[in-house]
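Visitor: What follows is a structure written as structure tokens; I'll ask about it next.
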Amino acid sequence: MGLQLDLYGSVLSPTSPLMAALRGILLPGYGNRIATTVVDDHAGEHYLHGFVQARDRAGAPEQDITFVAPRLSSGNGVIWTWQRLLNQICALGREHGIQRIFVQIGEEQLAEIEVFRQAGFSIYAKDQVFHLQNANALPQATGGATNLQWREMRPPDLWELQKLNNLITPAIVQHAEGTLAGTISQERQETLTASTTSNVVLVSDTQEILGRLSLRRGRRGDWLKIIMHPNVCGQADIVLPQGIAALGTIRPALPLYCDVREYEGYVAGALERMGFQPLVSRALMVKSMTVPIREPRRVLVPHLERQAEQIPTASTSGQ
């Protein structure tokens with residue numbers, strides 16, 4: 001047995017590690033490429049046997065580690081297997097021009113987190129995944145918050161959403177996700193462009209964008225993503241049910257999931273009051289594959305001023 005690290009993918013588009021590996025070999029251009037690295041070797045007294053998979057993020061030189069086998073608790077020597085696998089998948093990613101590799105792992109899995117740390121990954125944020133088993137339990141949208149309304153997202157809204165995302169997201173997270181240039185993180189960008197996604201934005205009476213809801217439909221459930229301005233958090237109990245209603249039909253037979261990062265905690269309380277239950281708390285880790293270029297330091301040397309030299313002149317009048 002291995003460790004599933006792709007809750008988002010397992011809800012929206014579940015597939016077995018074997019099928020993922022075969023698809024990566026036979027159909028490398030179909031969907032997001034999935035890279036698989038296998039180790040079958042000896043290291044001293046330890047037999048190393050396992051595999052790791054990483055999926056490309058669409059439209060960006062980034063990957064997510066999705067599966068590692070065997071589990072770290074499987075027996076002696078597994079830690080060396082993991083170390084070899086992580087080194088190999090990072091080397092393979094570097095060969096393909098990957099700049100960042102991400103992993104989302106349960107916060108309680110301290111031993112696994114430590115192995116990722118030793119492989120060069122670092123925690124840059126934490127989040128919590130909520131789920132609602134029956135969408136019929138969602139509260140009905142009510143009136144109120146008359147200065148705010150939801151409407152369908154339009155292409156020109158992307159710039160305002162980028163500014164809102166930059167306002168909410170700490171600089172350390174933007175740096176880790178490569179979004180300091182003002183772009184929405186690739187994980188959230190995918191929810192804006194996927195054909196299976198519905199998007200609505202929250203606008204004020206002055207047409208300022210103060211939030212966004214995205215609903216992506218999958219085979220085992222639907223995934224809700226929220227961006228909301230902190231100034232609106234006091235009205236979250238009213239505007240969130242309104243926004244979910246504006247997204248369209250929610251499939252009651254399938255569970256509804258939503259991930260909330262720790263710096264967006266003001267949304268978590270509203271979700272729980274709507275009936276969502278905490279499912280898992282995760283550490284978000286990243287390894288940067290770029291190597292800084294070192295340049296020789298140029299030292300300015302002060303120029304010493306000289307007094308003007310007297311240049312002899314010749315006069316023809318005295319000849």
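In the structure tokens, the first chain shown is A, the next is B, and so on; residue numbers restart at 1 for each chain, and ligands run from 1 in the order shown.
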Per residue of stretch 101-200 of chain A within 7 Å of stretch 238-251 of chain A, record the nearest atom pair and its distance in Å to one decimal, counting only C-alpha atoms, with rows in chain order and ascending residue number, as a Markdown table.

Guide:
| residue | atom | partner | partner_atom | distance |
| --- | --- | --- | --- | --- |
| A:Ala135 | CA | A:Ile250 | CA | 6.7 |
| A:Pro139 | CA | A:Pro241 | CA | 6.6 |
| A:Gln140 | CA | A:Pro241 | CA | 6.6 |
| A:Ala141 | CA | A:Gln242 | CA | 4.8 |
| A:Thr142 | CA | A:Ile238 | CA | 6.8 |
| A:Gly144 | CA | A:Ile238 | CA | 6.8 |
| A:Trp150 | CA | A:Gly243 | CA | 6.1 |
| A:Ser198 | CA | A:Leu247 | CA | 6.0 |
| A:Asn199 | CA | A:Leu247 | CA | 6.7 |
| A:Val200 | CA | A:Leu247 | CA | 6.5 |

Visitor: Could you write out that same residue set with C-alpha atoms as an mmCIF file, in the first residue's frame?

Guide:
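In the end it all went to part_5.cif:
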data_model
loop_
_atom_site.group_PDB
_atom_site.id
_atom_site.type_symbol
_atom_site.label_atom_id
_atom_site.label_comp_id
_atom_site.auth_asym_id
_atom_site.auth_seq_id
_atom_site.Cartn_x
_atom_site.Cartn_y
_atom_site.Cartn_z
ATOM 1 C CA ALA A 135 -25.513 19.057 -0.321
ATOM 2 C CA PRO A 139 -28.881 26.412 4.174
ATOM 3 C CA GLN A 140 -31.194 28.273 1.858
ATOM 4 C CA ALA A 141 -29.960 31.605 0.566
ATOM 5 C CA THR A 142 -31.621 34.501 2.349
ATOM 6 C CA GLY A 144 -29.447 40.783 3.364
ATOM 7 C CA TRP A 150 -23.070 37.653 -7.117
ATOM 8 C CA SER A 198 -18.615 27.344 -12.647
ATOM 9 C CA ASN A 199 -17.366 30.739 -11.456
ATOM 10 C CA VAL A 200 -19.171 33.666 -9.869
#

Visitor: Write out as a list in words which residues come within 7 Å of A:Lys126 when counting only C-alpha atoms, dropping same-chain ones fewer than 2 positions away.

Guide: Arg261, Glu262, Arg282, Ala283 and Leu284 of chain A

Visitor: At a cut-off of 7 Å, using only C-alpha atoms, what residues contact A:Leu256? Leave out same-chain residues fewer than 3 positions from it and give the result as a PyMOL selection string.

Guide: chain A and resi 131-133+135+221-223

Visitor: Give me, as a PyMOL selection string, the residues of stretch 35-96 of chain A that a backbone DSSP run labels alpha helix (DSSP H).

Guide: chain A and resi 78-95

Visitor: So that I can see what lies close to stretch 45-58 of chain A, please list as an mmCIF file with C-alpha atoms, in the first residue's frame the residues with an atom at most 7 Å from it, counting only C-alpha atoms and leaving out residues fewer than 2 positions away in the same chain.

Guide:
data_model
loop_
_atom_site.group_PDB
_atom_site.id
_atom_site.type_symbol
_atom_site.label_atom_id
_atom_site.label_comp_id
_atom_site.auth_asym_id
_atom_site.auth_seq_id
_atom_site.Cartn_x
_atom_site.Cartn_y
_atom_site.Cartn_z
ATOM 1 C CA ASN A 32 -1.635 16.507 -17.356
ATOM 2 C CA ARG A 33 1.482 14.392 -17.730
ATOM 3 C CA ILE A 34 2.122 11.992 -14.857
ATOM 4 C CA ALA A 35 5.745 11.055 -14.254
ATOM 5 C CA THR A 36 6.519 7.766 -12.485
ATOM 6 C CA THR A 37 9.878 6.871 -10.972
ATOM 7 C CA VAL A 38 10.670 3.369 -9.706
ATOM 8 C CA VAL A 39 13.507 2.165 -7.482
ATOM 9 C CA ASP A 40 14.515 -1.509 -7.169
ATOM 10 C CA ASP A 41 17.953 -1.701 -5.629
ATOM 11 C CA HIS A 42 20.021 -2.491 -2.560
ATOM 12 C CA ALA A 43 21.593 0.079 -0.246
ATOM 13 C CA ALA A 60 3.070 25.916 -15.721
ATOM 14 C CA GLU A 62 5.279 22.846 -11.833
ATOM 15 C CA GLN A 63 4.367 19.416 -10.481
ATOM 16 C CA ASP A 64 2.424 17.900 -7.593
ATOM 17 C CA ILE A 65 3.617 14.676 -5.973
ATOM 18 C CA THR A 66 0.501 12.526 -5.970
ATOM 19 C CA PHE A 67 1.503 9.062 -4.715
ATOM 20 C CA VAL A 68 4.392 7.376 -2.901
ATOM 21 C CA ALA A 69 4.713 3.633 -2.248
ATOM 22 C CA PRO A 70 5.256 1.857 0.009
ATOM 23 C CA GLY A 77 14.605 0.579 5.083
ATOM 24 C CA THR A 81 13.519 4.109 -0.408
ATOM 25 C CA LEU A 85 12.576 8.142 -4.895
#

Visitor: Residues near A:Ser10, anyone? I mean within 10 Å using only C-alpha atoms, not counting same-chain ones fewer than 4 positions away, as a short mmCIF file (atom, residue, chain, number, x, y, z; two decimals) with C-alpha atoms, in the first residue's frame.

Guide:
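Saved as around_9.cif:
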data_model
loop_
_atom_site.label_atom_id
_atom_site.label_comp_id
_atom_site.auth_asym_id
_atom_site.auth_seq_id
_atom_site.Cartn_x
_atom_site.Cartn_y
_atom_site.Cartn_z
CA GLN A 4 -2.22 9.04 -1.57
CA LEU A 5 -1.23 12.71 -1.60
CA ASP A 6 -3.73 13.99 -4.15
CA PRO A 14 -9.79 9.30 -9.56
CA THR A 15 -7.40 6.83 -11.18
CA SER A 16 -5.18 4.04 -9.92
CA THR A 66 0.50 12.53 -5.97
CA GLY A 218 -15.77 15.61 -10.45
CA ARG A 219 -16.61 11.93 -10.54
CA ARG A 220 -16.65 11.45 -6.76
CA GLY A 221 -17.72 14.88 -5.62
#

Visitor: Pick out the residues sitting within 6 Å of stretch 89-100 of chain A, and hand them over as an MDAnalysis selection string; count only C-alpha atoms, and ignore anything fewer than 3 positions along from it in its own chain.

Guide: chainID A and resid 61:62 86 287:290

Visitor: Just the residues within 6 Å of stretch 206-215 of chain A, please, counting only C-alpha atoms, with nothing from its chain fewer than 2 positions along; format it as a list in words.

Guide: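 The neighbour list is Thr197, Ser198, Asn199, Val200, Val201, Leu202, Val203, Ser204, Trp223, Leu224, Lys225, Ile226, Ile227, Met228 and His229 of chain A.
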
Visitor: Name the closest residue to A:Leu7 among the candidates A:Leu138, A:Cys258, A:Leu167, A:Ala119; distances are taken between atoms, counting only C-alpha atoms.

Guide: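 Smallest separation from A:Leu7 among the options: A:Cys258.
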
Visitor: Nearest residue to A:Ile113 out of A:Gln83, A:Val129, A:Gln162, A:Met19, using only C-alpha atoms?

Guide: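 For A:Ile113, the nearest of the given residues is A:Gln83.
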
Visitor: Would you compute the distance between atom CA of A:Ile105 and atom CA of A:Met285? Give it in Å to one decimal.

Guide: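 Distance between the two atoms: 8.0 Å.
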
Visitor: Interatomic distance between atom CA of A:Asn147 and atom CA of A:Asp205?

Guide: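 Separation between atom CA of A:Asn147 and atom CA of A:Asp205: 5.2 Å.
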